[in-house]
>>> print(open('entry23.txt').read())   # compact mmCIF, C-alpha atoms
# COMPACT_ATOMS: atom_id res chain seq x y z
CA MET A 1 0.00 0.00 0.00
CA GLU A 2 1.34 3.43 -0.94
CA ILE A 3 1.08 6.23 1.61
CA LEU A 4 0.94 9.85 0.44
CA SER A 5 1.80 12.90 2.54
CA GLU A 6 -0.13 16.18 2.67
CA GLU A 7 2.47 17.74 0.35
CA GLN A 8 2.08 14.96 -2.21
CA VAL A 9 -1.73 15.20 -2.11
CA GLU A 10 -1.56 18.96 -2.64
CA ARG A 11 0.81 18.55 -5.59
CA LEU A 12 -1.22 15.78 -7.23
CA LEU A 13 -4.78 17.10 -6.69
CA ASP A 14 -5.44 19.85 -9.22
CA PRO A 15 -8.35 22.06 -8.03
CA ALA A 16 -9.65 22.84 -11.52
CA ARG A 17 -9.78 19.14 -12.41
CA CYS A 18 -11.45 18.47 -9.07
CA ILE A 19 -14.26 20.93 -9.84
CA THR A 20 -14.83 19.32 -13.25
CA ALA A 21 -14.69 15.80 -11.82
CA LEU A 22 -17.15 16.67 -9.05
CA GLU A 23 -19.56 18.14 -11.58
CA ARG A 24 -19.42 14.95 -13.65
CA ALA A 25 -19.77 12.76 -10.56
CA PHE A 26 -22.78 14.62 -9.18
CA ARG A 27 -24.41 14.65 -12.62
CA GLU A 28 -23.73 11.05 -13.69
CA ASN A 29 -22.52 8.93 -10.77
CA PHE A 30 -24.57 10.22 -7.85
CA PRO A 31 -27.67 8.03 -8.42
CA GLY A 32 -25.57 4.83 -8.40
CA ALA A 33 -23.17 5.71 -5.58
CA ARG A 34 -23.65 3.94 -2.27
CA MET A 35 -22.88 6.14 0.70
CA PRO A 36 -24.61 6.04 4.07
CA THR A 37 -25.10 9.25 5.99
CA ARG A 38 -21.86 10.32 7.66
CA ILE A 39 -21.20 8.75 11.06
CA GLN A 40 -20.20 11.25 13.76
CA LEU A 41 -18.29 9.75 16.70
CA PRO A 42 -17.67 12.24 19.55
CA ALA A 43 -14.14 11.89 20.95
CA GLY A 44 -13.77 14.32 23.83
CA GLU A 45 -15.15 17.80 24.25
CA ARG A 46 -13.74 19.35 21.06
CA CYS A 47 -13.12 16.40 18.78
CA VAL A 48 -15.41 14.45 16.46
CA MET A 49 -14.40 11.54 14.27
CA LEU A 50 -16.23 11.63 10.93
CA LEU A 51 -16.61 8.35 9.03
CA MET A 52 -17.69 8.69 5.39
CA PRO A 53 -17.63 5.43 3.40
CA CYS A 54 -18.56 5.36 -0.28
CA TYR A 55 -18.69 2.86 -3.12
CA ASP A 56 -19.20 4.04 -6.68
CA PRO A 57 -19.11 1.35 -9.38
CA ALA A 58 -18.06 4.00 -11.91
CA LEU A 59 -14.90 4.88 -9.99
CA PRO A 60 -11.84 2.67 -9.35
CA GLY A 61 -12.18 2.08 -5.64
CA MET A 62 -14.10 2.62 -2.45
CA GLY A 63 -14.13 5.41 0.08
CA VAL A 64 -11.30 3.73 1.96
CA LYS A 65 -8.97 2.72 -0.90
CA PRO A 66 -7.11 -0.56 -0.21
CA ARG A 67 -4.21 0.33 -2.51
CA LEU A 68 -3.62 3.93 -1.47
CA LEU A 69 -3.62 5.74 1.87
CA LEU A 70 -3.90 9.53 1.65
CA ALA A 71 -3.29 12.24 4.19
CA ALA A 72 -6.73 13.81 4.52
CA ARG A 73 -6.29 17.47 5.43
CA ARG A 74 -5.39 18.95 2.05
CA LEU A 75 -7.68 16.55 0.20
CA THR A 76 -10.60 17.69 2.37
CA GLU A 77 -9.72 21.36 1.94
CA ILE A 78 -9.49 21.11 -1.84
CA ARG A 79 -12.57 18.95 -2.43
CA THR A 80 -14.67 21.11 -0.08
CA ALA A 81 -13.69 24.33 -1.82
CA ALA A 82 -14.14 22.61 -5.20
CA ALA A 83 -17.71 21.67 -4.23
CA SER A 84 -18.37 25.28 -3.23
CA ALA A 85 -16.87 26.41 -6.53
CA LEU A 86 -19.14 23.99 -8.40
CA ALA A 87 -22.21 25.39 -6.62
CA THR A 88 -20.95 28.92 -7.28
CA ARG A 89 -20.58 28.13 -10.98
CA PHE A 90 -24.26 27.17 -11.18
CA LEU A 91 -25.76 29.65 -8.69
CA ALA A 92 -23.75 32.88 -8.56
CA ARG A 93 -24.34 35.75 -10.96
CA GLU A 94 -21.95 35.85 -13.91
CA ASP A 95 -21.00 39.42 -13.02
CA ALA A 96 -19.99 38.59 -9.43
CA ARG A 97 -16.82 40.57 -8.71
CA THR A 98 -16.51 40.76 -4.90
CA LEU A 99 -15.82 37.66 -2.81
CA GLY A 100 -16.44 37.82 0.94
CA VAL A 101 -15.12 35.18 3.35
CA PHE A 102 -15.81 34.68 7.04
CA GLY A 103 -12.91 32.84 8.63
CA THR A 104 -9.12 32.91 8.50
CA GLY A 105 -8.30 29.21 8.70
CA ARG A 106 -7.45 26.50 6.21
CA GLN A 107 -10.91 26.30 4.62
CA ALA A 108 -11.02 30.07 4.18
CA ARG A 109 -7.65 30.01 2.46
CA SER A 110 -8.66 27.09 0.24
CA HIS A 111 -11.87 28.85 -0.81
CA LEU A 112 -9.96 32.03 -1.63
CA ARG A 113 -7.60 30.03 -3.83
CA ILE A 114 -10.21 27.94 -5.64
CA LEU A 115 -13.37 30.05 -6.12
CA PRO A 116 -11.59 32.43 -8.54
CA LEU A 117 -11.46 29.46 -10.93
CA VAL A 118 -15.20 29.92 -11.60
CA ARG A 119 -15.70 33.71 -11.28
CA ARG A 120 -13.50 36.73 -12.03
CA PHE A 121 -13.25 38.32 -8.63
CA GLU A 122 -11.62 41.74 -8.50
CA ARG A 123 -11.86 42.27 -4.75
CA VAL A 124 -11.82 40.06 -1.66
CA LEU A 125 -13.18 40.89 1.81
CA VAL A 126 -12.11 38.88 4.86
CA CYS A 127 -13.81 38.87 8.26
CA GLY A 128 -12.04 36.94 11.03
CA SER A 129 -12.80 36.61 14.70
CA THR A 130 -10.84 39.82 15.47
CA PRO A 131 -9.81 42.84 13.35
CA ASP A 132 -6.11 42.05 13.89
CA GLN A 133 -6.61 38.48 12.73
CA SER A 134 -8.49 39.69 9.65
CA ARG A 135 -5.75 42.18 8.73
CA GLN A 136 -2.95 39.67 9.23
CA PHE A 137 -4.71 37.05 7.12
CA ALA A 138 -5.53 39.58 4.38
CA ARG A 139 -1.91 40.72 4.15
CA GLY A 140 -0.65 37.17 4.04
CA ILE A 141 -2.83 36.01 1.15
CA GLU A 142 -3.05 39.17 -0.99
CA ALA A 143 0.28 38.59 -2.77
CA GLU A 144 -0.62 34.99 -3.52
CA LEU A 145 -4.02 35.83 -5.01
CA LYS A 146 -2.79 38.88 -6.96
CA VAL A 147 -6.04 40.66 -6.16
CA ARG A 148 -6.96 43.27 -3.56
CA VAL A 149 -7.74 41.62 -0.19
CA GLU A 150 -9.22 43.76 2.57
CA ALA A 151 -10.04 43.11 6.21
CA ALA A 152 -13.69 43.97 6.86
CA GLU A 153 -16.19 44.08 9.67
CA ALA A 154 -19.07 41.61 9.45
CA ARG A 155 -21.66 44.03 8.11
CA ALA A 156 -19.40 45.45 5.39
CA CYS A 157 -18.35 41.94 4.33
CA VAL A 158 -21.98 40.86 3.96
CA GLU A 159 -23.33 44.02 2.36
CA GLN A 160 -20.58 44.33 -0.27
CA ALA A 161 -20.01 40.70 -1.28
CA ASP A 162 -21.49 39.16 -4.42
CA VAL A 163 -20.39 35.70 -3.27
CA LEU A 164 -20.10 35.05 0.46
CA CYS A 165 -18.44 32.00 2.06
CA THR A 166 -18.68 31.12 5.74
CA CYS A 167 -15.70 28.96 6.69
CA THR A 168 -15.70 29.11 10.48
CA THR A 169 -16.11 27.02 13.61
CA ALA A 170 -19.02 29.19 14.78
CA SER A 171 -22.06 27.62 16.37
CA GLU A 172 -24.15 30.84 16.36
CA PRO A 173 -25.05 33.17 13.46
CA LEU A 174 -22.21 35.34 12.20
CA PHE A 175 -24.37 38.19 10.87
CA ASP A 176 -27.87 39.56 10.43
CA GLY A 177 -29.52 38.04 7.36
CA SER A 178 -31.25 41.34 6.54
CA TRP A 179 -27.81 42.71 5.54
CA ILE A 180 -27.57 40.41 2.51
CA ARG A 181 -28.01 42.20 -0.81
CA PRO A 182 -30.39 40.81 -3.43
CA GLY A 183 -28.46 38.70 -5.92
CA THR A 184 -25.89 37.40 -3.44
CA HIS A 185 -24.78 33.76 -3.47
CA LEU A 186 -23.70 32.10 -0.20
CA ASN A 187 -21.63 28.98 0.47
CA LEU A 188 -22.06 27.76 4.06
CA VAL A 189 -19.16 25.47 4.90
CA GLY A 190 -18.33 25.45 8.61
CA ALA A 191 -21.18 24.03 10.68
CA PHE A 192 -21.81 20.27 10.44
CA GLN A 193 -23.86 19.42 13.53
CA PRO A 194 -27.62 19.76 14.12
CA GLU A 195 -27.27 22.39 16.87
CA ALA A 196 -24.57 24.50 15.16
CA ARG A 197 -25.13 27.21 12.59
CA GLU A 198 -23.30 30.04 10.85
CA VAL A 199 -26.35 31.96 9.60
CA ASP A 200 -29.68 33.02 11.08
CA ASP A 201 -33.26 32.18 10.16
CA THR A 202 -33.60 35.32 8.03
CA THR A 203 -30.72 34.30 5.78
CA VAL A 204 -32.17 30.86 5.11
CA GLN A 205 -35.71 32.15 4.70
CA ARG A 206 -34.64 34.71 2.07
CA ALA A 207 -32.61 32.24 -0.01
CA ARG A 208 -33.08 29.54 -2.59
CA VAL A 209 -31.37 26.64 -0.81
CA VAL A 210 -29.29 23.91 -2.45
CA VAL A 211 -27.57 21.10 -0.50
CA ASP A 212 -24.95 18.56 -1.48
CA THR A 213 -27.19 15.70 -0.32
CA TYR A 214 -30.66 15.70 1.23
CA ASP A 215 -29.80 12.91 3.69
CA GLY A 216 -26.79 14.77 5.02
CA ALA A 217 -28.67 18.06 5.28
CA MET A 218 -31.56 16.53 7.18
CA ALA A 219 -29.19 14.78 9.60
CA GLU A 220 -26.54 17.44 10.24
CA ALA A 221 -27.27 20.90 8.83
CA GLY A 222 -28.10 23.04 11.85
CA ASP A 223 -28.28 26.06 9.55
CA LEU A 224 -31.40 24.43 8.07
CA LEU A 225 -32.65 22.16 10.85
CA LEU A 226 -32.93 24.90 13.48
CA PRO A 227 -35.26 27.12 11.41
CA MET A 228 -37.22 24.00 10.40
CA ARG A 229 -37.85 23.15 14.04
CA ARG A 230 -39.21 26.63 14.65
CA GLY A 231 -41.47 26.46 11.61
CA VAL A 232 -39.64 29.26 9.82
CA ILE A 233 -39.07 27.02 6.79
CA SER A 234 -40.26 23.56 5.79
CA ARG A 235 -38.47 20.62 4.20
CA GLU A 236 -39.73 21.86 0.84
CA HIS A 237 -37.56 24.97 1.23
CA LEU A 238 -34.61 22.80 0.17
CA ALA A 239 -34.91 23.44 -3.55
CA ALA A 240 -32.33 21.02 -4.95
CA ASP A 241 -29.32 18.85 -4.21
CA LEU A 242 -26.11 19.07 -6.23
CA HIS A 243 -27.09 16.15 -8.46
CA GLN A 244 -30.37 17.81 -9.41
CA LEU A 245 -28.66 21.16 -9.90
CA VAL A 246 -25.80 20.09 -12.18
CA SER A 247 -27.94 17.60 -14.13
CA GLY A 248 -30.57 20.25 -14.86
CA LYS A 249 -33.34 18.36 -13.08
CA LYS A 250 -33.89 21.38 -10.85
CA PRO A 251 -33.20 25.01 -11.84
CA GLY A 252 -30.52 27.15 -10.26
CA ARG A 253 -30.72 30.91 -10.06
CA SER A 254 -34.03 32.23 -11.39
CA SER A 255 -33.20 35.96 -11.51
CA ALA A 256 -30.40 38.46 -10.91
CA GLU A 257 -32.10 39.52 -7.68
CA GLU A 258 -32.53 36.07 -6.16
CA ILE A 259 -30.42 35.14 -3.13
CA THR A 260 -28.99 31.63 -3.46
CA LEU A 261 -27.44 29.47 -0.75
CA PHE A 262 -25.40 26.27 -0.92
CA LYS A 263 -25.19 24.38 2.36
CA SER A 264 -22.06 22.25 2.22
CA LEU A 265 -21.63 19.30 4.54
CA GLY A 266 -19.37 17.22 2.37
CA CYS A 267 -20.15 13.69 1.27
CA ALA A 268 -18.13 10.57 0.68
CA LEU A 269 -18.54 10.79 -3.10
CA GLU A 270 -16.52 14.00 -3.03
CA ASP A 271 -13.74 12.23 -1.14
CA LEU A 272 -13.74 9.30 -3.54
CA VAL A 273 -13.65 11.57 -6.60
CA ALA A 274 -10.74 13.57 -5.19
CA ALA A 275 -8.84 10.44 -4.13
CA SER A 276 -9.36 8.93 -7.59
CA LEU A 277 -7.81 12.02 -9.18
CA VAL A 278 -4.80 11.71 -6.89
CA ALA A 279 -4.44 8.03 -7.77
CA GLU A 280 -4.71 8.84 -11.49
CA ALA A 281 -2.06 11.56 -11.24
CA LEU A 282 0.19 9.25 -9.24
CA GLY A 283 -0.20 6.50 -11.83
CA SER A 284 0.77 8.89 -14.62
CA GLY A 285 4.10 9.58 -12.91
CA LYS A 286 3.37 13.01 -11.43
CA GLY A 287 4.14 11.91 -7.84
>>> encode(input="entry23.txt", output="structure tokens")
Amino acid sequence: MEILSEEQVERLLDPARCITALERAFRENFPGARMPTRIQLPAGERCVMLLMPCYDPALPGMGVKPRLLLAARRLTEIRTAAASALATRFLAREDARTLGVFGTGRQARSHLRILPLVRRFERVLVCGSTPDQSRQFARGIEAELKVRVEAAEARACVEQADVLCTCTTASEPLFDGSWIRPGTHLNLVGAFQPEAREVDDTTVQRARVVVDTYDGAMAEAGDLLLPMRRGVISREHLAADLHQLVSGKKPGRSSAEEITLFKSLGCALEDLVAASLVAEALGSGKG
């Protein structure tokens, strides 16, 4: 069995190819893939083990590949941002030029690197947990992105962004949903437990909601489950999953003024697709 490091995974997993492969997988492979809802195993106060098995007869392997063991951090970062980029490709306005990101960690950085593959952003706004953290993160990534990156307070980040990504460990709403401009697209990435959320009821109520999978959303998406419990929205408020969106079975954005929202939880198919790309690149001698 070959074992790949984080550095090897990052070198072998091309984000642009990952976006394309995820689009094909959600369009064509999703109906035949076998993947139970993610198992969450609490391990102490601040640790959760996530188990996400998948078998797809169209791909060369299973979720835990017997011939290849991959370090998971960079793979998860890239495939998560690639899924957000895929949703952004189908849901964000074509003229989106300002990208706003809540968070200053690895997922925030990965989203800032990968979302420009699907939209031509001219400006980036970053809102971290403190102003100093926001400024430090903005300075550190501006040279890499070759685009203007500014630290912003929460309200400015929300009100000025055309595409807004929440990549945090928050368990309570980060901002007031009334601040969101018509036409904004949101990618909600951070919260993955039924009692945790990054946005408030108003945000969800105002938006056309797309999820990666219905099963995962109904089991784990506190951003959606909490307003459902209060009767603010119903199950029918979930307009589409990624398979329905990219296959054209359900429409995406209906107007320039519509607010769209992709709730990302991650699913094992995404892991298997990304791992298969790494294996393919390794087999072609790129490792």
>>> closest_residue(input="entry23.txt", among="A:Asp241, A:Glu28, A:Asp162, A:Glu258", to="Gln205 in chain A", atoms="all atoms listed in the file")
A:Glu258
>>> residues_around(input="entry23.txt", residues="Cys157 in chain A", least_positions_apart="2", cutoff="12 Å", atoms="all atoms listed in the file", output="ChimeraX atom specification")
/A:98-103,123-128,134,149-155,159-166,174-176,179-181,184
>>> write_last_selection(input="entry23.txt", atoms="C-alpha atoms", output="PDB file, keeping the file's coordinate frame")
ATOM      1  CA  THR A  98     -16.510  40.760  -4.900  1.00  0.00           C
ATOM      2  CA  LEU A  99     -15.820  37.660  -2.810  1.00  0.00           C
ATOM      3  CA  GLY A 100     -16.440  37.820   0.940  1.00  0.00           C
ATOM      4  CA  VAL A 101     -15.120  35.180   3.350  1.00  0.00           C
ATOM      5  CA  PHE A 102     -15.810  34.680   7.040  1.00  0.00           C
ATOM      6  CA  GLY A 103     -12.910  32.840   8.630  1.00  0.00           C
ATOM      7  CA  ARG A 123     -11.860  42.270  -4.750  1.00  0.00           C
ATOM      8  CA  VAL A 124     -11.820  40.060  -1.660  1.00  0.00           C
ATOM      9  CA  LEU A 125     -13.180  40.890   1.810  1.00  0.00           C
ATOM     10  CA  VAL A 126     -12.110  38.880   4.860  1.00  0.00           C
ATOM     11  CA  CYS A 127     -13.810  38.870   8.260  1.00  0.00           C
ATOM     12  CA  GLY A 128     -12.040  36.940  11.030  1.00  0.00           C
ATOM     13  CA  SER A 134      -8.490  39.690   9.650  1.00  0.00           C
ATOM     14  CA  VAL A 149      -7.740  41.620  -0.190  1.00  0.00           C
ATOM     15  CA  GLU A 150      -9.220  43.760   2.570  1.00  0.00           C
ATOM     16  CA  ALA A 151     -10.040  43.110   6.210  1.00  0.00           C
ATOM     17  CA  ALA A 152     -13.690  43.970   6.860  1.00  0.00           C
ATOM     18  CA  GLU A 153     -16.190  44.080   9.670  1.00  0.00           C
ATOM     19  CA  ALA A 154     -19.070  41.610   9.450  1.00  0.00           C
ATOM     20  CA  ARG A 155     -21.660  44.030   8.110  1.00  0.00           C
ATOM     21  CA  GLU A 159     -23.330  44.020   2.360  1.00  0.00           C
ATOM     22  CA  GLN A 160     -20.580  44.330  -0.270  1.00  0.00           C
ATOM     23  CA  ALA A 161     -20.010  40.700  -1.280  1.00  0.00           C
ATOM     24  CA  ASP A 162     -21.490  39.160  -4.420  1.00  0.00           C
ATOM     25  CA  VAL A 163     -20.390  35.700  -3.270  1.00  0.00           C
ATOM     26  CA  LEU A 164     -20.100  35.050   0.460  1.00  0.00           C
ATOM     27  CA  CYS A 165     -18.440  32.000   2.060  1.00  0.00           C
ATOM     28  CA  THR A 166     -18.680  31.120   5.740  1.00  0.00           C
ATOM     29  CA  LEU A 174     -22.210  35.340  12.200  1.00  0.00           C
ATOM     30  CA  PHE A 175     -24.370  38.190  10.870  1.00  0.00           C
ATOM     31  CA  ASP A 176     -27.870  39.560  10.430  1.00  0.00           C
ATOM     32  CA  TRP A 179     -27.810  42.710   5.540  1.00  0.00           C
ATOM     33  CA  ILE A 180     -27.570  40.410   2.510  1.00  0.00           C
ATOM     34  CA  ARG A 181     -28.010  42.200  -0.810  1.00  0.00           C
ATOM     35  CA  THR A 184     -25.890  37.400  -3.440  1.00  0.00           C
TER      36      THR A 184
END
>>> residues_around(input="entry23.txt", residues="Ser84 in chain A", least_positions_apart="2", cutoff="12 Å", atoms="only C-alpha atoms", output="PyMOL selection string")
chain A and resi 15+18-19+22-23+77-82+86-92+107-108+110-119+163-167+185-190+210-212+242+261-266+270
>>> closest_residue(input="entry23.txt", among="A:Arg206, A:Gly283, A:Asp201, A:Val9", to="Arg230 in chain A", atoms="all atoms listed in the file")
A:Asp201
>>> closest_residue(input="entry23.txt", among="A:Pro194, A:Arg148, A:Leu245, A:Ala268", to="Arg97 in chain A", atoms="only C-alpha atoms")
A:Arg148
>>> atom_distance(input="entry23.txt", atom1="CA of Ala196 in chain A", atom2="CA of Phe137 in chain A")
24.8 Å
>>> atom_distance(input="entry23.txt", atom1="CA of Leu69 in chain A", atom2="CA of Cys267 in chain A")
18.4 Å
>>> closest_residue(input="entry23.txt", among="A:Ala170, A:Thr203, A:Pro131, A:Arg120", to="Val147 in chain A", atoms="only C-alpha atoms")
A:Arg120
>>> atom_distance(input="entry23.txt", atom1="CA of Gln193 in chain A", atom2="CA of Pro173 in chain A")
13.8 Å
>>> residues_around(input="entry23.txt", residues="Ser234 in chain A", least_positions_apart="6", cutoff="12 Å", atoms="only C-alpha atoms", output="tab-separated table (two decimals) with C-alpha atoms, keeping the file's coordinate frame")
chain	number	residue	atom	x	y	z
A	201	ASP	CA	-33.26	32.18	10.16
A	204	VAL	CA	-32.17	30.86	5.11
A	205	GLN	CA	-35.71	32.15	4.70
A	209	VAL	CA	-31.37	26.64	-0.81
A	218	MET	CA	-31.56	16.53	7.18
A	224	LEU	CA	-31.40	24.43	8.07
A	225	LEU	CA	-32.65	22.16	10.85
A	226	LEU	CA	-32.93	24.90	13.48
A	227	PRO	CA	-35.26	27.12	11.41
A	228	MET	CA	-37.22	24.00	10.40
>>> residues_around(input="entry23.txt", residues="Leu4 in chain A", least_positions_apart="4", cutoff="12 Å", atoms="only C-alpha atoms", output="number ranges by chain")
A: 8-13, 67-75, 275, 278-279, 282, 287
>>> write_last_selection(input="entry23.txt", atoms="C-alpha atoms", output="PDB file, keeping the file's coordinate frame")
ATOM      1  CA  GLN A   8       2.080  14.960  -2.210  1.00  0.00           C
ATOM      2  CA  VAL A   9      -1.730  15.200  -2.110  1.00  0.00           C
ATOM      3  CA  GLU A  10      -1.560  18.960  -2.640  1.00  0.00           C
ATOM      4  CA  ARG A  11       0.810  18.550  -5.590  1.00  0.00           C
ATOM      5  CA  LEU A  12      -1.220  15.780  -7.230  1.00  0.00           C
ATOM      6  CA  LEU A  13      -4.780  17.100  -6.690  1.00  0.00           C
ATOM      7  CA  ARG A  67      -4.210   0.330  -2.510  1.00  0.00           C
ATOM      8  CA  LEU A  68      -3.620   3.930  -1.470  1.00  0.00           C
ATOM      9  CA  LEU A  69      -3.620   5.740   1.870  1.00  0.00           C
ATOM     10  CA  LEU A  70      -3.900   9.530   1.650  1.00  0.00           C
ATOM     11  CA  ALA A  71      -3.290  12.240   4.190  1.00  0.00           C
ATOM     12  CA  ALA A  72      -6.730  13.810   4.520  1.00  0.00           C
ATOM     13  CA  ARG A  73      -6.290  17.470   5.430  1.00  0.00           C
ATOM     14  CA  ARG A  74      -5.390  18.950   2.050  1.00  0.00           C
ATOM     15  CA  LEU A  75      -7.680  16.550   0.200  1.00  0.00           C
ATOM     16  CA  ALA A 275      -8.840  10.440  -4.130  1.00  0.00           C
ATOM     17  CA  VAL A 278      -4.800  11.710  -6.890  1.00  0.00           C
ATOM     18  CA  ALA A 279      -4.440   8.030  -7.770  1.00  0.00           C
ATOM     19  CA  LEU A 282       0.190   9.250  -9.240  1.00  0.00           C
ATOM     20  CA  GLY A 287       4.140  11.910  -7.840  1.00  0.00           C
TER      21      GLY A 287
END
>>> closest_residue(input="entry23.txt", among="A:Ser178, A:Thr260, A:Gly248, A:Glu195", to="Arg229 in chain A", atoms="only C-alpha atoms")
A:Glu195
>>> closest_residue(input="entry23.txt", among="A:Pro31, A:Pro251, A:Gly105, A:Pro42", to="Gln136 in chain A", atoms="only C-alpha atoms")
A:Gly105
>>> build_atoms(input="entry23.txt", residues="range 98-113 of chain A", atoms="N, CA, C and O atoms", output="PDB file, in the frame of the given file")
ATOM      1  N   THR A  98     -17.030  40.648  -6.253  1.00  0.00           N
ATOM      2  CA  THR A  98     -16.510  40.760  -4.900  1.00  0.00           C
ATOM      3  C   THR A  98     -16.795  39.485  -4.121  1.00  0.00           C
ATOM      4  O   THR A  98     -17.939  39.053  -4.024  1.00  0.00           O
ATOM      5  N   LEU A  99     -15.727  38.886  -3.592  1.00  0.00           N
ATOM      6  CA  LEU A  99     -15.820  37.660  -2.810  1.00  0.00           C
ATOM      7  C   LEU A  99     -15.617  37.997  -1.338  1.00  0.00           C
ATOM      8  O   LEU A  99     -14.613  38.612  -0.972  1.00  0.00           O
ATOM      9  N   GLY A 100     -16.561  37.619  -0.496  1.00  0.00           N
ATOM     10  CA  GLY A 100     -16.440  37.820   0.940  1.00  0.00           C
ATOM     11  C   GLY A 100     -16.280  36.478   1.643  1.00  0.00           C
ATOM     12  O   GLY A 100     -16.970  35.511   1.314  1.00  0.00           O
ATOM     13  N   VAL A 101     -15.375  36.427   2.622  1.00  0.00           N
ATOM     14  CA  VAL A 101     -15.120  35.180   3.350  1.00  0.00           C
ATOM     15  C   VAL A 101     -15.098  35.461   4.848  1.00  0.00           C
ATOM     16  O   VAL A 101     -14.378  36.350   5.307  1.00  0.00           O
ATOM     17  N   PHE A 102     -15.897  34.698   5.583  1.00  0.00           N
ATOM     18  CA  PHE A 102     -15.810  34.680   7.040  1.00  0.00           C
ATOM     19  C   PHE A 102     -14.894  33.536   7.435  1.00  0.00           C
ATOM     20  O   PHE A 102     -15.127  32.390   7.051  1.00  0.00           O
ATOM     21  N   GLY A 103     -13.862  33.853   8.203  1.00  0.00           N
ATOM     22  CA  GLY A 103     -12.910  32.840   8.630  1.00  0.00           C
ATOM     23  C   GLY A 103     -11.517  33.160   8.132  1.00  0.00           C
ATOM     24  O   GLY A 103     -11.337  33.816   7.098  1.00  0.00           O
ATOM     25  N   THR A 104     -10.522  32.685   8.878  1.00  0.00           N
ATOM     26  CA  THR A 104      -9.120  32.910   8.500  1.00  0.00           C
ATOM     27  C   THR A 104      -8.307  31.620   8.623  1.00  0.00           C
ATOM     28  O   THR A 104      -7.090  31.670   8.736  1.00  0.00           O
ATOM     29  N   GLY A 105      -8.982  30.498   8.566  1.00  0.00           N
ATOM     30  CA  GLY A 105      -8.300  29.210   8.700  1.00  0.00           C
ATOM     31  C   GLY A 105      -8.043  28.551   7.362  1.00  0.00           C
ATOM     32  O   GLY A 105      -8.076  29.185   6.298  1.00  0.00           O
ATOM     33  N   ARG A 106      -7.823  27.241   7.420  1.00  0.00           N
ATOM     34  CA  ARG A 106      -7.450  26.500   6.210  1.00  0.00           C
ATOM     35  C   ARG A 106      -8.561  26.485   5.166  1.00  0.00           C
ATOM     36  O   ARG A 106      -8.297  26.601   3.963  1.00  0.00           O
ATOM     37  N   GLN A 107      -9.820  26.317   5.603  1.00  0.00           N
ATOM     38  CA  GLN A 107     -10.910  26.300   4.620  1.00  0.00           C
ATOM     39  C   GLN A 107     -11.097  27.677   3.980  1.00  0.00           C
ATOM     40  O   GLN A 107     -11.409  27.784   2.791  1.00  0.00           O
ATOM     41  N   ALA A 108     -10.926  28.738   4.759  1.00  0.00           N
ATOM     42  CA  ALA A 108     -11.020  30.070   4.180  1.00  0.00           C
ATOM     43  C   ALA A 108      -9.959  30.264   3.110  1.00  0.00           C
ATOM     44  O   ALA A 108     -10.236  30.756   2.007  1.00  0.00           O
ATOM     45  N   ARG A 109      -8.742  29.862   3.420  1.00  0.00           N
ATOM     46  CA  ARG A 109      -7.650  30.010   2.460  1.00  0.00           C
ATOM     47  C   ARG A 109      -7.914  29.174   1.202  1.00  0.00           C
ATOM     48  O   ARG A 109      -7.687  29.638   0.074  1.00  0.00           O
ATOM     49  N   SER A 110      -8.394  27.957   1.385  1.00  0.00           N
ATOM     50  CA  SER A 110      -8.660  27.090   0.240  1.00  0.00           C
ATOM     51  C   SER A 110      -9.767  27.677  -0.645  1.00  0.00           C
ATOM     52  O   SER A 110      -9.674  27.646  -1.876  1.00  0.00           O
ATOM     53  N   HIS A 111     -10.806  28.228  -0.027  1.00  0.00           N
ATOM     54  CA  HIS A 111     -11.870  28.850  -0.810  1.00  0.00           C
ATOM     55  C   HIS A 111     -11.368  30.075  -1.569  1.00  0.00           C
ATOM     56  O   HIS A 111     -11.757  30.307  -2.729  1.00  0.00           O
ATOM     57  N   LEU A 112     -10.506  30.860  -0.944  1.00  0.00           N
ATOM     58  CA  LEU A 112      -9.960  32.030  -1.630  1.00  0.00           C
ATOM     59  C   LEU A 112      -9.086  31.628  -2.808  1.00  0.00           C
ATOM     60  O   LEU A 112      -9.006  32.357  -3.801  1.00  0.00           O
ATOM     61  N   ARG A 113      -8.433  30.495  -2.720  1.00  0.00           N
ATOM     62  CA  ARG A 113      -7.600  30.030  -3.830  1.00  0.00           C
ATOM     63  C   ARG A 113      -8.420  29.439  -4.964  1.00  0.00           C
ATOM     64  O   ARG A 113      -8.071  29.587  -6.137  1.00  0.00           O
TER      65      ARG A 113
END
